[in-house]
Each structure stands twice: as structure tokens, then as C-alpha cells.
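Written below as C-alpha cells is the structure these notes are about.
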Amino acid sequence: MTSDLVKHSVTIAGHRTSISLEPEFWTSLRDIAARNGRSLGAEIAAIDAARGTRNLSSAIRVAILNDAQNNKKT
């Protein structure tokens with residue numbers, strides 16, 4: 001597993017922003033977006049809209065963790 005951050009620029013609500021995440025999180029986020037029938041940008045926008053005061057990168061990581069916990073096979 002690599003710990004290098006990968007930065008992507010996205011447009012959210014008409015504003016450009018950069019998000020830095022580990023590659024594994026980008027892969028999971030793309031998988032979640034595909035499962036939800038959304039583009040990566042739309043998935044990030046949905047997380048952004050629900051994040052409250054948490055910074056966006058942290059909100060994305062928490063959303064991925066929540067998704068993993070909700071979809072865990074028991």
C-alpha cells in the first residue's frame with residue numbers, strides 16, 4: 001500500500017477545488033460513484049453537500065468508511 005497522496009481538481013457548485021487523497025481512496029470513491037450511478041464529480045458534490053464543518057478530504061474518507069461498514073458482509 002502506498003501513502004502518496006494523489007491530487008485531483010474538481011468543480012463543486014461552480015467552484016474549482018483540489019482534493020488530495022491516497023490512491024486507494026480514489027479507487028473506492030470511483031467504485032462508490034459507479035455503484036450509485038453518478039460521475040465522480042457528482043459523488044464528491046453529494047459528499048460536500050452533507051459534510052457539515054468537516055474538511056472535504058476528511059468527509060470523503062469518512063463517506064468511504066461508512067460505505068464499507070454499511071456494505072460489509074456478515
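Residue names in the C-alpha cells use chain letters A, B, ... in the order shown, residue numbers from 1 in each chain, and ligand numbers from 1 in the order shown.
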Once DSSP has gone over the backbone, tell me which residues of chain A are in strand (DSSP E or B), as an NGL selection string.
:A and (6-12 or 15-21)
Looking only at the backbone, which of the residues in range 12-53 of chain A does DSSP tag as alpha helix (DSSP H), as a ChimeraX atom specification?
/A:23-35,40-50
Could you turn the residues from that selection into a file that holds N, CA and C atoms, as a PDB file, in the first residue's frame?
ATOM      1  N   PRO A  23      -4.276   6.947  -3.188  1.00  0.00           N
ATOM      2  CA  PRO A  23      -4.832   6.270  -4.375  1.00  0.00           C
ATOM      3  C   PRO A  23      -5.943   5.274  -4.044  1.00  0.00           C
ATOM      4  N   GLU A  24      -5.817   4.583  -2.918  1.00  0.00           N
ATOM      5  CA  GLU A  24      -6.820   3.596  -2.538  1.00  0.00           C
ATOM      6  C   GLU A  24      -8.183   4.251  -2.297  1.00  0.00           C
ATOM      7  N   PHE A  25      -8.170   5.463  -1.741  1.00  0.00           N
ATOM      8  CA  PHE A  25      -9.428   6.176  -1.529  1.00  0.00           C
ATOM      9  C   PHE A  25     -10.038   6.620  -2.851  1.00  0.00           C
ATOM     10  N   TRP A  26      -9.201   7.056  -3.794  1.00  0.00           N
ATOM     11  CA  TRP A  26      -9.733   7.431  -5.111  1.00  0.00           C
ATOM     12  C   TRP A  26     -10.391   6.224  -5.772  1.00  0.00           C
ATOM     13  N   THR A  27      -9.759   5.056  -5.666  1.00  0.00           N
ATOM     14  CA  THR A  27     -10.332   3.837  -6.253  1.00  0.00           C
ATOM     15  C   THR A  27     -11.683   3.517  -5.616  1.00  0.00           C
ATOM     16  N   SER A  28     -11.750   3.575  -4.283  1.00  0.00           N
ATOM     17  CA  SER A  28     -13.012   3.294  -3.591  1.00  0.00           C
ATOM     18  C   SER A  28     -14.076   4.317  -3.944  1.00  0.00           C
ATOM     19  N   LEU A  29     -13.687   5.580  -4.032  1.00  0.00           N
ATOM     20  CA  LEU A  29     -14.650   6.627  -4.362  1.00  0.00           C
ATOM     21  C   LEU A  29     -15.213   6.430  -5.768  1.00  0.00           C
ATOM     22  N   ARG A  30     -14.368   6.052  -6.709  1.00  0.00           N
ATOM     23  CA  ARG A  30     -14.848   5.766  -8.074  1.00  0.00           C
ATOM     24  C   ARG A  30     -15.812   4.584  -8.073  1.00  0.00           C
ATOM     25  N   ASP A  31     -15.506   3.557  -7.287  1.00  0.00           N
ATOM     26  CA  ASP A  31     -16.389   2.385  -7.182  1.00  0.00           C
ATOM     27  C   ASP A  31     -17.748   2.778  -6.604  1.00  0.00           C
ATOM     28  N   ILE A  32     -17.742   3.600  -5.563  1.00  0.00           N
ATOM     29  CA  ILE A  32     -18.989   4.053  -4.945  1.00  0.00           C
ATOM     30  C   ILE A  32     -19.802   4.873  -5.946  1.00  0.00           C
ATOM     31  N   ALA A  33     -19.135   5.785  -6.645  1.00  0.00           N
ATOM     32  CA  ALA A  33     -19.821   6.613  -7.640  1.00  0.00           C
ATOM     33  C   ALA A  33     -20.467   5.740  -8.709  1.00  0.00           C
ATOM     34  N   ALA A  34     -19.727   4.752  -9.195  1.00  0.00           N
ATOM     35  CA  ALA A  34     -20.266   3.860 -10.230  1.00  0.00           C
ATOM     36  C   ALA A  34     -21.467   3.087  -9.700  1.00  0.00           C
ATOM     37  N   ARG A  35     -21.368   2.583  -8.480  1.00  0.00           N
ATOM     38  CA  ARG A  35     -22.476   1.832  -7.874  1.00  0.00           C
ATOM     39  C   ARG A  35     -23.705   2.717  -7.704  1.00  0.00           C
ATOM     40  N   LEU A  40     -17.860  10.837 -10.843  1.00  0.00           N
ATOM     41  CA  LEU A  40     -17.015  11.097  -9.691  1.00  0.00           C
ATOM     42  C   LEU A  40     -17.312  12.483  -9.128  1.00  0.00           C
ATOM     43  N   GLY A  41     -17.454  13.462  -9.995  1.00  0.00           N
ATOM     44  CA  GLY A  41     -17.762  14.820  -9.561  1.00  0.00           C
ATOM     45  C   GLY A  41     -19.084  14.916  -8.831  1.00  0.00           C
ATOM     46  N   ALA A  42     -20.088  14.206  -9.327  1.00  0.00           N
ATOM     47  CA  ALA A  42     -21.403  14.219  -8.675  1.00  0.00           C
ATOM     48  C   ALA A  42     -21.342  13.544  -7.308  1.00  0.00           C
ATOM     49  N   GLU A  43     -20.561  12.492  -7.195  1.00  0.00           N
ATOM     50  CA  GLU A  43     -20.407  11.813  -5.904  1.00  0.00           C
ATOM     51  C   GLU A  43     -19.722  12.730  -4.900  1.00  0.00           C
ATOM     52  N   ILE A  44     -18.684  13.415  -5.339  1.00  0.00           N
ATOM     53  CA  ILE A  44     -17.981  14.355  -4.467  1.00  0.00           C
ATOM     54  C   ILE A  44     -18.906  15.502  -4.069  1.00  0.00           C
ATOM     55  N   ALA A  45     -19.705  15.991  -5.001  1.00  0.00           N
ATOM     56  CA  ALA A  45     -20.651  17.074  -4.696  1.00  0.00           C
ATOM     57  C   ALA A  45     -21.665  16.630  -3.647  1.00  0.00           C
ATOM     58  N   ALA A  46     -22.125  15.382  -3.719  1.00  0.00           N
ATOM     59  CA  ALA A  46     -23.083  14.866  -2.729  1.00  0.00           C
ATOM     60  C   ALA A  46     -22.439  14.794  -1.350  1.00  0.00           C
ATOM     61  N   ILE A  47     -21.200  14.344  -1.302  1.00  0.00           N
ATOM     62  CA  ILE A  47     -20.479  14.289  -0.024  1.00  0.00           C
ATOM     63  C   ILE A  47     -20.267  15.704   0.508  1.00  0.00           C
ATOM     64  N   ASP A  48     -19.903  16.612  -0.380  1.00  0.00           N
ATOM     65  CA  ASP A  48     -19.678  18.008   0.005  1.00  0.00           C
ATOM     66  C   ASP A  48     -20.942  18.621   0.611  1.00  0.00           C
ATOM     67  N   ALA A  49     -22.071  18.337   0.012  1.00  0.00           N
ATOM     68  CA  ALA A  49     -23.340  18.914   0.488  1.00  0.00           C
ATOM     69  C   ALA A  49     -23.712  18.430   1.886  1.00  0.00           C
ATOM     70  N   ALA A  50     -23.216  17.249   2.262  1.00  0.00           N
ATOM     71  CA  ALA A  50     -23.598  16.653   3.549  1.00  0.00           C
ATOM     72  C   ALA A  50     -22.485  16.715   4.600  1.00  0.00           C
TER      73      ALA A  50
END
Just checking: using only C-alpha atoms, which residue out of A:Gly14, A:His8, A:Ser39, A:Asn70 ends up closest to Ser57 in chain A?
A:His8
Rounded to one decimal in Å, what is the spacing between CA of Arg51 in chain A and CA of Arg16 in chain A?
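Rounded to one decimal, the two atoms are 17.3 Å apart.
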